[in-house]
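**Student:** Would you mind keeping the following structure in view while I ask a few things?
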Amino acid sequence: MNQHRSPHRPASRPVYFAGLAAAALAVGLGAGCASSNARANEQDVAWLVRHARYEQAVRVAAEQVEKAPDDAQAKEQWRLASTAWHLEAGRRLTFENKDIEALEQFRSAEKLAPEQPQVRSWIAATLDKLAKRWVNRAIEAHAADDLDAAVRSYETALTYSPSERMALDGLARALLQLNYRRGMGEAYYERGTRALNEFWLEQAAHHFSSTLKYDENERAELRRAQADTLRAENRALIAQELEERGQYAAARNEYRIATLFDPAHAESLAGLERMKLEERAAEHLREADRRIMKRDFEGAERELAAGEALSQRQLAGFAAERERLLEARLGARYEAVLAVEADHRFEEAIEGYTKLIEAAPQGYFRDALARRDALTDSVARAKGYYDQAVAEADLARRAQLLRQVLLVYPEYKDSRQMLAQTESALAAQPPTGGG
């Protein structure tokens, strides 16, 4: 029995149907079998529906199906009674402004009885109400200058009613203002506004739409579609200019405006998808820049690789950022070698400068060549003085040579210890002299 019951129980005091839906469904249930007998009426599904006793009608219909599972008429009575129950539940929720929940009830009714016009009417009315509610929120956000919130609300309204004119126009204007704030400038904004409000396109679309309200006119439908296509092309031209100038977020907004006018505008749809990729690529580019500043070179490399895979128009920018990454990497290595040189580890520094020069595309990096050559000369001179000192028998001369070593290479081999030993030996010698 449970499988035939409505999934929701109505409140104990229902707000009754305004006649129309109940009457229509009661006709479908076979109103002619109503009984004057009160007890019989309690078991008459059609009578129960006509008197807005929907929960009881569903229960009675389900019991009848249980008794006769193969009875097509019993199943049909249960289907229509359940439809009436969902419609009444949705109507009550609508009056409480719980329109999302109401829509769910109406959708449930639609699954049971898609052929019933009152079901379609309630769904259409609820979608329109939800769209208008979100348009009002969007207008409030727009008036408060919260453009991001306005855009979100306009887009939500369009999910309920894709042709809602106030949402379409409001979203277009909000996107245009966002572009202006992103630095498009006053001239762009004025030009965009003129394009958006170009008299004959706007008026043409308006008049064709008005015609269609009163007459299913194929020519009016065609003309309105043509006007919308022209408006879309107008926005697409602006988007292309912005795209050429590298202003991808702004171009994306313009392509979005174009698709509001003509959802099937192929050029704008392709441009919108292209700009989404370029925006993501630009985010990777910015993140790579941030990681370079933090000296996270491996992370920057990953960001650049991810961005390059998405982009078609920013390849020059990625190439420049790769050069910056290389410069930063070489710069970090250069500073590390400088620290080694300052620590008087000249041979190690010479090796570091050599590898740095080999890694540099131009074959040089800053003054690495000059520093390497200077250190090479210092090491050679220190070696010469040291070798002479080792071979020198005269302690005073040896000490002089070792001091020369320390001047050009303070940490050369054991020069410092040898000088100390030599000076000690000199001090221990007896004084010479005559007198």
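Chains: A, B, ... in order of the structure tokens. Residues: from 1 per chain. Ligands: from 1, in order shown.
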Could you list, as a list in words, every residue within 10 Å of A:Arg152, counting only C-alpha atoms and ignoring same-chain residues fewer than 2 positions away?

**Tutor:**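 The filter keeps Trp134, Arg137, Ala138, Ala141, Leu147, Asp148, Ala149, Ala150, Tyr154, Glu155, Thr156, Ala157, Leu158 and Leu171 of chain A.
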
**Student:** Could the residues in this selection be saved with all heavy atoms as a short mmCIF file (atom, residue, chain, number, x, y, z; two decimals), in the first residue's frame?

**Tutor:**
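Heads up, here's the output in selection-v3.cif:
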```
data_model
loop_
_atom_site.label_atom_id
_atom_site.label_comp_id
_atom_site.auth_asym_id
_atom_site.auth_seq_id
_atom_site.Cartn_x
_atom_site.Cartn_y
_atom_site.Cartn_z
N TRP A 134 14.22 36.96 -7.88
CA TRP A 134 15.67 37.12 -8.02
C TRP A 134 16.02 38.38 -8.79
O TRP A 134 17.06 39.01 -8.55
CB TRP A 134 16.27 35.88 -8.67
CG TRP A 134 16.45 34.77 -7.67
CD1 TRP A 134 15.64 33.70 -7.48
CD2 TRP A 134 17.48 34.67 -6.70
NE1 TRP A 134 16.11 32.92 -6.45
CE2 TRP A 134 17.24 33.49 -5.95
CE3 TRP A 134 18.59 35.45 -6.39
CZ2 TRP A 134 18.09 33.08 -4.91
CZ3 TRP A 134 19.43 35.04 -5.36
CH2 TRP A 134 19.18 33.88 -4.63
N ARG A 137 15.96 41.09 -6.23
CA ARG A 137 17.20 41.06 -5.44
C ARG A 137 18.36 41.64 -6.23
O ARG A 137 19.20 42.36 -5.69
CB ARG A 137 17.52 39.63 -5.02
CG ARG A 137 16.56 39.05 -4.01
CD ARG A 137 16.97 37.64 -3.62
NE ARG A 137 15.99 37.01 -2.76
CZ ARG A 137 16.07 35.76 -2.32
NH1 ARG A 137 17.10 35.01 -2.68
NH2 ARG A 137 15.14 35.25 -1.53
N ALA A 138 18.39 41.29 -7.51
CA ALA A 138 19.47 41.80 -8.36
C ALA A 138 19.39 43.32 -8.47
O ALA A 138 20.42 44.01 -8.41
CB ALA A 138 19.38 41.16 -9.75
N ALA A 141 20.72 44.86 -5.32
CA ALA A 141 22.19 44.79 -5.28
C ALA A 141 22.80 45.77 -6.28
O ALA A 141 23.80 46.43 -5.99
CB ALA A 141 22.65 43.37 -5.58
N LEU A 147 27.95 44.95 -7.69
CA LEU A 147 27.76 44.41 -9.04
C LEU A 147 27.94 42.89 -9.08
O LEU A 147 27.23 42.21 -9.83
CB LEU A 147 28.74 45.07 -10.01
CG LEU A 147 28.52 46.57 -10.23
CD1 LEU A 147 29.56 47.13 -11.18
CD2 LEU A 147 27.13 46.85 -10.76
N ASP A 148 28.86 42.35 -8.29
CA ASP A 148 29.06 40.90 -8.30
C ASP A 148 27.79 40.19 -7.81
O ASP A 148 27.36 39.19 -8.40
CB ASP A 148 30.25 40.52 -7.42
CG ASP A 148 31.57 40.93 -8.05
OD1 ASP A 148 31.69 40.81 -9.28
OD2 ASP A 148 32.48 41.38 -7.33
N ALA A 149 27.20 40.71 -6.73
CA ALA A 149 25.96 40.12 -6.22
C ALA A 149 24.83 40.29 -7.23
O ALA A 149 23.99 39.39 -7.40
CB ALA A 149 25.58 40.76 -4.88
N ALA A 150 24.80 41.44 -7.90
CA ALA A 150 23.77 41.68 -8.92
C ALA A 150 23.89 40.67 -10.05
O ALA A 150 22.88 40.08 -10.49
CB ALA A 150 23.88 43.10 -9.45
N TYR A 154 20.97 38.08 -11.11
CA TYR A 154 20.41 38.07 -12.46
C TYR A 154 20.55 36.67 -13.09
O TYR A 154 19.63 36.17 -13.74
CB TYR A 154 21.12 39.09 -13.35
CG TYR A 154 20.72 40.53 -13.10
CD1 TYR A 154 21.70 41.52 -12.91
CD2 TYR A 154 19.38 40.92 -13.08
CE1 TYR A 154 21.35 42.85 -12.70
CE2 TYR A 154 19.03 42.24 -12.87
CZ TYR A 154 20.02 43.20 -12.68
OH TYR A 154 19.67 44.51 -12.48
N GLU A 155 21.71 36.07 -12.91
CA GLU A 155 21.93 34.74 -13.50
C GLU A 155 21.02 33.70 -12.86
O GLU A 155 20.54 32.79 -13.54
CB GLU A 155 23.40 34.35 -13.34
CG GLU A 155 24.32 35.14 -14.26
CD GLU A 155 25.79 34.78 -14.08
OE1 GLU A 155 26.15 34.32 -12.97
OE2 GLU A 155 26.56 34.97 -15.02
N THR A 156 20.78 33.82 -11.54
CA THR A 156 19.84 32.90 -10.88
C THR A 156 18.44 33.07 -11.44
O THR A 156 17.73 32.09 -11.70
CB THR A 156 19.84 33.14 -9.37
OG1 THR A 156 21.17 32.99 -8.86
CG2 THR A 156 18.91 32.17 -8.66
N ALA A 157 18.03 34.32 -11.65
CA ALA A 157 16.71 34.58 -12.24
C ALA A 157 16.58 33.90 -13.59
O ALA A 157 15.53 33.32 -13.92
CB ALA A 157 16.48 36.09 -12.36
N LEU A 158 17.64 33.94 -14.38
CA LEU A 158 17.59 33.35 -15.73
C LEU A 158 17.55 31.83 -15.69
O LEU A 158 17.13 31.22 -16.68
CB LEU A 158 18.80 33.84 -16.55
CG LEU A 158 18.74 35.32 -16.94
CD1 LEU A 158 20.06 35.78 -17.53
CD2 LEU A 158 17.60 35.59 -17.92
N LEU A 171 21.55 42.02 -16.41
CA LEU A 171 22.83 41.31 -16.41
C LEU A 171 23.80 41.94 -17.40
O LEU A 171 24.99 42.12 -17.10
CB LEU A 171 22.60 39.83 -16.74
CG LEU A 171 23.84 38.96 -16.82
CD1 LEU A 171 24.65 39.03 -15.52
CD2 LEU A 171 23.46 37.51 -17.13
#
```

**Student:** Find the spatial neighbours of A:Leu315, counting only C-alpha atoms, within a cut-off of 12 Å - ignore same-chain residues fewer than 3 positions away - and output them as an mmCIF file with N, CA, C and O atoms, in the first residue's frame.

**Tutor:**
```cif
data_model
loop_
_atom_site.group_PDB
_atom_site.id
_atom_site.type_symbol
_atom_site.label_atom_id
_atom_site.label_comp_id
_atom_site.auth_asym_id
_atom_site.auth_seq_id
_atom_site.Cartn_x
_atom_site.Cartn_y
_atom_site.Cartn_z
ATOM 1 N N GLY A 246 44.227 41.900 -25.085
ATOM 2 C CA GLY A 246 44.649 41.105 -23.944
ATOM 3 C C GLY A 246 43.808 41.287 -22.706
ATOM 4 O O GLY A 246 44.202 40.845 -21.623
ATOM 5 N N GLU A 278 41.479 31.412 -21.282
ATOM 6 C CA GLU A 278 42.503 32.459 -21.160
ATOM 7 C C GLU A 278 42.522 33.047 -19.751
ATOM 8 O O GLU A 278 43.586 33.383 -19.226
ATOM 9 N N ALA A 281 44.303 30.604 -17.683
ATOM 10 C CA ALA A 281 45.734 30.690 -18.005
ATOM 11 C C ALA A 281 46.352 31.908 -17.335
ATOM 12 O O ALA A 281 47.468 31.840 -16.803
ATOM 13 N N ALA A 282 45.628 33.023 -17.354
ATOM 14 C CA ALA A 282 46.134 34.250 -16.718
ATOM 15 C C ALA A 282 46.294 34.055 -15.214
ATOM 16 O O ALA A 282 47.233 34.590 -14.612
ATOM 17 N N LEU A 285 49.437 32.333 -14.732
ATOM 18 C CA LEU A 285 50.543 33.270 -14.972
ATOM 19 C C LEU A 285 50.784 34.126 -13.731
ATOM 20 O O LEU A 285 51.935 34.333 -13.321
ATOM 21 N N LEU A 304 53.438 27.607 -14.883
ATOM 22 C CA LEU A 304 53.640 28.016 -16.281
ATOM 23 C C LEU A 304 53.253 26.897 -17.239
ATOM 24 O O LEU A 304 52.625 27.142 -18.274
ATOM 25 N N ALA A 305 53.609 25.667 -16.899
ATOM 26 C CA ALA A 305 53.258 24.539 -17.764
ATOM 27 C C ALA A 305 51.745 24.384 -17.857
ATOM 28 O O ALA A 305 51.196 24.160 -18.942
ATOM 29 N N GLY A 307 49.431 26.727 -17.358
ATOM 30 C CA GLY A 307 48.857 27.863 -18.076
ATOM 31 C C GLY A 307 49.088 27.788 -19.569
ATOM 32 O O GLY A 307 48.197 28.084 -20.374
ATOM 33 N N GLU A 308 50.291 27.403 -19.967
ATOM 34 C CA GLU A 308 50.608 27.306 -21.401
ATOM 35 C C GLU A 308 49.732 26.274 -22.100
ATOM 36 O O GLU A 308 49.387 26.439 -23.271
ATOM 37 N N ALA A 309 49.349 25.224 -21.383
ATOM 38 C CA ALA A 309 48.496 24.192 -21.978
ATOM 39 C C ALA A 309 47.092 24.711 -22.276
ATOM 40 O O ALA A 309 46.391 24.165 -23.132
ATOM 41 N N LEU A 310 46.676 25.780 -21.583
ATOM 42 C CA LEU A 310 45.326 26.333 -21.764
ATOM 43 C C LEU A 310 45.269 27.473 -22.769
ATOM 44 O O LEU A 310 44.251 27.711 -23.387
ATOM 45 N N SER A 311 46.356 28.190 -22.897
ATOM 46 C CA SER A 311 46.318 29.482 -23.592
ATOM 47 C C SER A 311 46.650 29.380 -25.082
ATOM 48 O O SER A 311 47.470 28.561 -25.493
ATOM 49 N N GLN A 312 45.976 30.235 -25.840
ATOM 50 C CA GLN A 312 46.317 30.429 -27.248
ATOM 51 C C GLN A 312 46.865 31.828 -27.495
ATOM 52 O O GLN A 312 47.665 32.039 -28.394
ATOM 53 N N PHE A 318 53.742 34.091 -21.537
ATOM 54 C CA PHE A 318 54.342 32.941 -20.868
ATOM 55 C C PHE A 318 55.828 32.834 -21.193
ATOM 56 O O PHE A 318 56.631 32.469 -20.322
ATOM 57 N N ALA A 319 56.193 33.148 -22.438
ATOM 58 C CA ALA A 319 57.616 33.121 -22.802
ATOM 59 C C ALA A 319 58.400 34.139 -21.983
ATOM 60 O O ALA A 319 59.498 33.862 -21.479
ATOM 61 N N ALA A 320 57.822 35.335 -21.825
ATOM 62 C CA ALA A 320 58.487 36.378 -21.022
ATOM 63 C C ALA A 320 58.610 35.942 -19.564
ATOM 64 O O ALA A 320 59.633 36.191 -18.911
ATOM 65 N N GLU A 321 57.556 35.274 -19.062
ATOM 66 C CA GLU A 321 57.606 34.826 -17.666
ATOM 67 C C GLU A 321 58.627 33.707 -17.484
ATOM 68 O O GLU A 321 59.280 33.614 -16.444
ATOM 69 N N ARG A 322 58.791 32.878 -18.510
ATOM 70 C CA ARG A 322 59.821 31.838 -18.441
ATOM 71 C C ARG A 322 61.214 32.475 -18.388
ATOM 72 O O ARG A 322 62.106 31.987 -17.678
#
```

**Student:** Measuring between only C-alpha atoms, which one of A:Asp44, A:Glu110, A:Asp343, A:Glu348 shows the shortest distance to A:Thr83?

**Tutor:**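 Result for the nearest residue to A:Thr83: A:Glu110.
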
**Student:** Just list as a PyMOL selection string whatever in stretch 92-341 of chain A DSSP marks as alpha helix (DSSP H).

**Tutor:** chain A and resi 92-95+99-112+117-143+147-160+165-179+186-196+199-214+218-244+248-261+266-293+297-310+315-341

**Student:** Do you know which residues are at most 8 Å from stretch 93-99 of chain A counting only C-alpha atoms, after dropping those on the same chain fewer than 5 positions away, and could you put them as a list in words?

**Tutor:** Thr126, Lys129 and Leu130 of chain A

**Student:** Applying 10 Å and only C-alpha atoms, which residues near stretch 332-340 of chain A remain after dropping the ones on its own chain fewer than 3 positions away? List them as a list in words.

**Tutor:**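 Within the cut-off, the hits are Arg295, Leu326, Glu327, Ala328, Arg329, Asp343, His344, Arg345, Phe346, Glu347, Glu348, Ala349, Ile350, Glu351, Gly352, Tyr353, Lys355, Leu356, Ile357, Phe365, Arg366, Asp367, Ala368 and Arg371 of chain A.
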
**Student:** Those residues you just picked out, can you put them in a file as an mmCIF file, in the first residue's frame with N, CA and C atoms?

**Tutor:**
```cif
data_model
loop_
_atom_site.group_PDB
_atom_site.id
_atom_site.type_symbol
_atom_site.label_atom_id
_atom_site.label_comp_id
_atom_site.auth_asym_id
_atom_site.auth_seq_id
_atom_site.Cartn_x
_atom_site.Cartn_y
_atom_site.Cartn_z
ATOM 1 N N ARG A 295 60.563 32.608 -4.518
ATOM 2 C CA ARG A 295 61.664 31.703 -4.873
ATOM 3 C C ARG A 295 61.241 30.238 -4.855
ATOM 4 N N LEU A 326 63.891 32.023 -15.427
ATOM 5 C CA LEU A 326 65.306 31.660 -15.626
ATOM 6 C C LEU A 326 66.217 32.692 -14.969
ATOM 7 N N GLU A 327 65.887 33.970 -15.175
ATOM 8 C CA GLU A 327 66.687 35.048 -14.561
ATOM 9 C C GLU A 327 66.672 34.917 -13.038
ATOM 10 N N ALA A 328 65.498 34.597 -12.473
ATOM 11 C CA ALA A 328 65.402 34.459 -11.018
ATOM 12 C C ALA A 328 66.206 33.259 -10.522
ATOM 13 N N ARG A 329 66.136 32.164 -11.269
ATOM 14 C CA ARG A 329 66.900 30.971 -10.883
ATOM 15 C C ARG A 329 68.400 31.255 -10.947
ATOM 16 N N ASP A 343 83.055 33.810 1.683
ATOM 17 C CA ASP A 343 83.581 32.911 2.712
ATOM 18 C C ASP A 343 85.004 32.445 2.373
ATOM 19 N N HIS A 344 85.593 33.045 1.318
ATOM 20 C CA HIS A 344 86.980 32.780 0.908
ATOM 21 C C HIS A 344 87.210 31.335 0.479
ATOM 22 N N ARG A 345 86.131 30.738 -0.135
ATOM 23 C CA ARG A 345 86.301 29.407 -0.728
ATOM 24 C C ARG A 345 86.383 29.611 -2.239
ATOM 25 N N PHE A 346 87.578 30.077 -2.668
ATOM 26 C CA PHE A 346 87.719 30.573 -4.036
ATOM 27 C C PHE A 346 87.579 29.470 -5.076
ATOM 28 N N GLU A 347 88.187 28.305 -4.849
ATOM 29 C CA GLU A 347 88.073 27.235 -5.855
ATOM 30 C C GLU A 347 86.618 26.813 -6.034
ATOM 31 N N GLU A 348 85.890 26.681 -4.918
ATOM 32 C CA GLU A 348 84.471 26.327 -4.987
ATOM 33 C C GLU A 348 83.677 27.417 -5.698
ATOM 34 N N ALA A 349 84.033 28.673 -5.436
ATOM 35 C CA ALA A 349 83.346 29.785 -6.098
ATOM 36 C C ALA A 349 83.621 29.783 -7.589
ATOM 37 N N ILE A 350 84.865 29.493 -7.977
ATOM 38 C CA ILE A 350 85.212 29.428 -9.413
ATOM 39 C C ILE A 350 84.369 28.366 -10.109
ATOM 40 N N GLU A 351 84.213 27.203 -9.455
ATOM 41 C CA GLU A 351 83.391 26.135 -10.038
ATOM 42 C C GLU A 351 81.933 26.581 -10.155
ATOM 43 N N GLY A 352 81.423 27.265 -9.111
ATOM 44 C CA GLY A 352 80.041 27.747 -9.136
ATOM 45 C C GLY A 352 79.802 28.763 -10.239
ATOM 46 N N TYR A 353 80.740 29.699 -10.410
ATOM 47 C CA TYR A 353 80.597 30.700 -11.477
ATOM 48 C C TYR A 353 80.660 30.037 -12.852
ATOM 49 N N LYS A 355 79.680 26.958 -13.685
ATOM 50 C CA LYS A 355 78.393 26.293 -13.955
ATOM 51 C C LYS A 355 77.303 27.322 -14.239
ATOM 52 N N LEU A 356 77.349 28.431 -13.532
ATOM 53 C CA LEU A 356 76.360 29.485 -13.745
ATOM 54 C C LEU A 356 76.473 30.044 -15.160
ATOM 55 N N ILE A 357 77.679 30.276 -15.618
ATOM 56 C CA ILE A 357 77.901 30.805 -16.971
ATOM 57 C C ILE A 357 77.443 29.800 -18.024
ATOM 58 N N PHE A 365 76.506 35.837 -17.240
ATOM 59 C CA PHE A 365 75.447 36.301 -16.339
ATOM 60 C C PHE A 365 76.028 37.358 -15.415
ATOM 61 N N ARG A 366 75.475 38.543 -15.517
ATOM 62 C CA ARG A 366 75.946 39.685 -14.733
ATOM 63 C C ARG A 366 77.471 39.765 -14.829
ATOM 64 N N ASP A 367 78.180 39.838 -13.673
ATOM 65 C CA ASP A 367 79.639 39.943 -13.712
ATOM 66 C C ASP A 367 80.296 38.621 -13.337
ATOM 67 N N ALA A 368 79.586 37.493 -13.578
ATOM 68 C CA ALA A 368 80.119 36.187 -13.191
ATOM 69 C C ALA A 368 81.440 35.890 -13.889
ATOM 70 N N ARG A 371 84.222 37.951 -12.240
ATOM 71 C CA ARG A 371 84.519 37.442 -10.903
ATOM 72 C C ARG A 371 85.270 36.121 -10.971
#
```

**Student:** Could you state the separation of atom CA of A:Glu241 and atom CA of A:His142 in Å, given to one decimal place?

**Tutor:** 26.7 Å

**Student:** When distances are computed from only C-alpha atoms, which of A:Arg286, A:Arg79, A:Arg107, A:Arg398 shows the smallest separation from A:Leu127?

**Tutor:** A:Arg107

**Student:** Nearest to A:Trp122 among A:Lys75, A:Lys67, A:Arg290, A:His86, with distances taken over only C-alpha atoms: which residue is it?

**Tutor:**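 So, comparing all the options, the nearest one is A:His86.
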
**Student:** For A:Gln240, list every protein, DNA or RNA residue within 9 Å, evaluated using only C-alpha atoms, and leave out those in the same chain fewer than 6 positions away; present the list as a ChimeraX atom specification.

**Tutor:** /A:251,254-255,271

**Student:** Dump N, CA and C atoms for the selected residues as a PDB file, in the first residue's frame?

**Tutor:**
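Produced file selection_7.pdb, reproduced below:
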```pdb
ATOM      1  N   ALA A 251      36.655  40.802 -22.101  1.00  0.00           N
ATOM      2  CA  ALA A 251      36.158  40.173 -23.325  1.00  0.00           C
ATOM      3  C   ALA A 251      35.155  39.074 -22.993  1.00  0.00           C
ATOM      4  N   GLU A 254      31.804  40.547 -22.343  1.00  0.00           N
ATOM      5  CA  GLU A 254      31.130  40.974 -23.575  1.00  0.00           C
ATOM      6  C   GLU A 254      30.553  39.782 -24.331  1.00  0.00           C
ATOM      7  N   TYR A 255      31.309  38.699 -24.394  1.00  0.00           N
ATOM      8  CA  TYR A 255      30.782  37.500 -25.042  1.00  0.00           C
ATOM      9  C   TYR A 255      29.557  36.984 -24.279  1.00  0.00           C
ATOM     10  N   GLY A 271      33.916  32.227 -28.352  1.00  0.00           N
ATOM     11  CA  GLY A 271      34.727  33.241 -27.676  1.00  0.00           C
ATOM     12  C   GLY A 271      34.619  33.134 -26.169  1.00  0.00           C
TER      13      GLY A 271
END
```
